[in-house]
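This report refers to the structure that appears directly beneath it.
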Amino acid sequence: MRFTIIMMMFILYGSINAMPVYWKDFGLSHGGGFDGTVAYWFSGSVYGANGENAWIHTMINGHEEHGGLYLKQFDFSREMMEPTFNWWALVLYGDIVSESTFASFQPIELFDYGGHADIGGTLIETPKDFYMAFKVSEVLKDSTGYTEGMSWYGWVHVSVDDNLQMTLLDADINLYGGAVTVGMDIPEPSGGMLFLLGAAALGLGRVKRN
């Protein structure tokens, strides 16, 4: 029995460590947007437990209109290039973002080459401190074209100054595709591993005493 538990611990440890679950190079940069707007570029890559991969590639344009800050997301999926399947929405601290709730949040308005980035959009009432949630999906291609694969959900905490420069304050993502709570970090996978190994070790101790 003791040998069985030890083997289970090693198998569990090895299987968890073997899973390529991570995201990298996530960040925010600035550039010139359409129609004289400021462009905020969010980029990075996310890798799932079974080899899934999607790249975060989002350009959100910001402009001032009637004294307010408005945002518009460029819709890459409508262009003659590989779609990125990124969606963004306004959220509040503590909101639960998941497959079942994402559509209920106010989306960042989309535009393409035929639209105007400097007219209208999604109003940001408190630009010095606000949250956005994102959904990024794996892109799959078959004989019928591009389809959506696995999806991940995350959030960013940003601020915009008087010069329309955006600062990334914090961000997180659920690397297993589950829900996220806006403003709260997702525990690292290693935390779950330590808990399970601890439970296995506790069971080992009980077997030994018996």
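In the structure tokens, chains take the letters A, B, ... in the order shown, each chain's residues start at 1, and ligands count up from 1 in the order shown.
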
Among segment 82-205 of chain A, which residues does DSSP mark as strand (DSSP E) when it is run on the backbone? Keep the chain and numbering as in the structure and answer as a CSV table (one decimal) with C-alpha atoms, in the first residue's frame.
chain,number,residue,atom,x,y,z
A,86,ASN,CA,-9.8,38.2,-29.0
A,87,TRP,CA,-12.8,39.9,-27.3
A,88,TRP,CA,-12.6,42.6,-24.7
A,89,ALA,CA,-15.2,44.1,-22.3
A,90,LEU,CA,-15.6,46.5,-19.5
A,91,VAL,CA,-15.8,44.9,-16.0
A,96,ILE,CA,-16.8,36.8,-12.3
A,97,VAL,CA,-15.7,36.3,-15.9
A,106,GLN,CA,-20.3,45.8,-21.9
A,107,PRO,CA,-18.1,45.0,-24.9
A,110,LEU,CA,-15.6,47.0,-32.7
A,111,PHE,CA,-14.5,48.8,-35.9
A,122,THR,CA,-17.3,52.6,-25.5
A,123,LEU,CA,-17.3,55.4,-22.9
A,124,ILE,CA,-14.8,55.0,-20.0
A,130,PHE,CA,-10.6,50.8,-14.7
A,131,TYR,CA,-10.7,47.1,-15.5
A,132,MET,CA,-11.2,45.2,-18.8
A,133,ALA,CA,-11.8,41.5,-19.2
A,134,PHE,CA,-10.7,39.5,-22.3
A,135,LYS,CA,-11.4,36.2,-23.9
A,136,VAL,CA,-8.8,34.8,-26.2
A,137,SER,CA,-9.4,31.6,-28.2
A,138,GLU,CA,-7.2,29.2,-30.0
A,139,VAL,CA,-7.5,29.5,-33.8
A,140,LEU,CA,-8.0,26.2,-35.7
A,141,LYS,CA,-8.1,25.9,-39.5
A,142,ASP,CA,-9.8,23.2,-41.5
A,145,GLY,CA,-11.9,28.0,-42.8
A,146,TYR,CA,-11.0,29.2,-39.3
A,147,THR,CA,-12.9,28.0,-36.2
A,148,GLU,CA,-12.6,28.7,-32.5
A,149,GLY,CA,-10.8,26.2,-30.3
A,150,MET,CA,-10.2,26.4,-26.6
A,151,SER,CA,-10.8,29.7,-24.9
A,152,TRP,CA,-9.2,31.4,-21.9
A,153,TYR,CA,-10.5,34.3,-19.8
A,154,GLY,CA,-8.5,37.0,-18.1
A,155,TRP,CA,-8.5,40.6,-16.9
A,156,VAL,CA,-6.4,43.7,-17.0
A,157,HIS,CA,-6.2,46.7,-14.6
A,158,VAL,CA,-5.2,49.9,-16.4
A,159,SER,CA,-5.2,53.7,-16.1
A,160,VAL,CA,-5.1,56.4,-18.7
A,166,MET,CA,-2.3,53.9,-20.9
A,167,THR,CA,-0.5,52.1,-18.0
A,168,LEU,CA,-0.9,48.4,-17.3
A,169,LEU,CA,-1.3,48.1,-13.5
A,170,ASP,CA,-2.0,44.4,-13.2
A,171,ALA,CA,-3.3,41.4,-15.2
A,172,ASP,CA,-4.1,37.7,-14.8
A,173,ILE,CA,-5.6,34.8,-16.7
A,180,VAL,CA,-11.5,34.5,-13.2
A,181,THR,CA,-12.4,37.0,-10.6

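Within 9 Å of Leu164 of chain A, once only C-alpha atoms are used and residues closer than 5 positions along the same chain are dropped, the contacting residues are Val38, Gly62, His63, Glu64 and Leu69 of chain A.
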
Need to verify the contact set: Phe26 of chain A, 9 Å, only C-alpha atoms, exclusion of same-chain residues closer than 6 positions in sequence. Can you return it as a PyMOL selection string? chain A and resi 42-46+56+171

Please provide as a list in words all residues within 6 Å of Val21 of chain A, with the sequence filter that same-chain residues fewer than 5 positions apart are discarded (counting only C-alpha atoms).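 Once the nearby chain positions are removed, what remains is Tyr47, Gly48 and Ala49 of chain A.
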
Would you save the residues of that selection, restricted to N, CA and C atoms, as a PDB file, in the first residue's frame?
ATOM      1  N   TYR A  47      -0.689  29.204 -23.456  1.00  0.00           N
ATOM      2  CA  TYR A  47      -0.535  27.791 -23.789  1.00  0.00           C
ATOM      3  C   TYR A  47      -1.314  26.952 -22.782  1.00  0.00           C
ATOM      4  N   GLY A  48      -2.144  26.047 -23.285  1.00  0.00           N
ATOM      5  CA  GLY A  48      -2.993  25.228 -22.439  1.00  0.00           C
ATOM      6  C   GLY A  48      -2.368  23.913 -22.030  1.00  0.00           C
ATOM      7  N   ALA A  49      -3.155  23.119 -21.298  1.00  0.00           N
ATOM      8  CA  ALA A  49      -2.649  21.874 -20.721  1.00  0.00           C
ATOM      9  C   ALA A  49      -2.414  20.781 -21.758  1.00  0.00           C
TER      10      ALA A  49
END

Can you tell me, as a PyMOL selection string, what residues are no more than 7 Å from Thr84 of chain A when counting only C-alpha atoms, ignoring any on the same chain fewer than 3 positions away? chain A and resi 55+57+76-77+139

Computed gap from atom CA of Tyr70 of chain A to atom CA of Asp112 of chain A is 15.9 Å

Mind pulling up the distance from atom CA of Leu28 of chain A to atom CA of Val182 of chain A?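 Atom CA of Leu28 of chain A lies at a distance of 18.2 Å from atom CA of Val182 of chain A.
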
What are the DSSP alpha helix (DSSP H) residues of segment 48-208 of chain A, as a PDB file with C-alpha atoms, in the first residue's frame?
ATOM      1  CA  PRO A 189      -0.764  25.359 -10.750  1.00  0.00           C
ATOM      2  CA  SER A 190       2.076  24.415  -8.421  1.00  0.00           C
ATOM      3  CA  GLY A 191      -0.117  25.343  -5.453  1.00  0.00           C
ATOM      4  CA  GLY A 192      -2.612  22.640  -6.351  1.00  0.00           C
ATOM      5  CA  MET A 193       0.203  20.187  -6.836  1.00  0.00           C
ATOM      6  CA  LEU A 194       1.590  20.883  -3.360  1.00  0.00           C
ATOM      7  CA  PHE A 195      -1.862  20.437  -1.843  1.00  0.00           C
ATOM      8  CA  LEU A 196      -2.353  17.075  -3.533  1.00  0.00           C
ATOM      9  CA  LEU A 197       1.119  15.884  -2.627  1.00  0.00           C
ATOM     10  CA  GLY A 198       0.534  16.979   0.947  1.00  0.00           C
ATOM     11  CA  ALA A 199      -2.716  15.033   1.072  1.00  0.00           C
ATOM     12  CA  ALA A 200      -0.962  11.987  -0.349  1.00  0.00           C
ATOM     13  CA  ALA A 201       1.793  12.306   2.247  1.00  0.00           C
ATOM     14  CA  LEU A 202      -0.831  12.542   5.003  1.00  0.00           C
ATOM     15  CA  GLY A 203      -2.430   9.370   3.715  1.00  0.00           C
ATOM     16  CA  LEU A 204       0.986   7.709   3.696  1.00  0.00           C
ATOM     17  CA  GLY A 205       1.495   8.610   7.345  1.00  0.00           C
ATOM     18  CA  ARG A 206      -1.856   7.133   8.295  1.00  0.00           C
ATOM     19  CA  VAL A 207      -1.068   3.897   6.474  1.00  0.00           C
ATOM     20  CA  LYS A 208       2.278   3.682   8.256  1.00  0.00           C
TER      21      LYS A 208
END

Would you work out the distance separating atom CA of Phe74 of chain A from atom CA of Met59 of chain A, expressed in Å to one decimal?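 Going from atom CA of Phe74 of chain A over to atom CA of Met59 of chain A, I get 5.7 Å.
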
Restricting the calculation to only C-alpha atoms: of A:Asp185, A:Glu52, A:Glu99, A:Asp35, which residue gets closest to Lys72 of chain A?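 Of A:Asp185, A:Glu52, A:Glu99, A:Asp35, the one nearest Lys72 of chain A is A:Asp35, counting only C-alpha atoms.
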
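You can rank A:Asp95, A:Asp25, A:Asp161, A:Glu125 by their closest distance to Leu71 of chain A using only C-alpha atoms, and at the top of that list sits A:Glu125.
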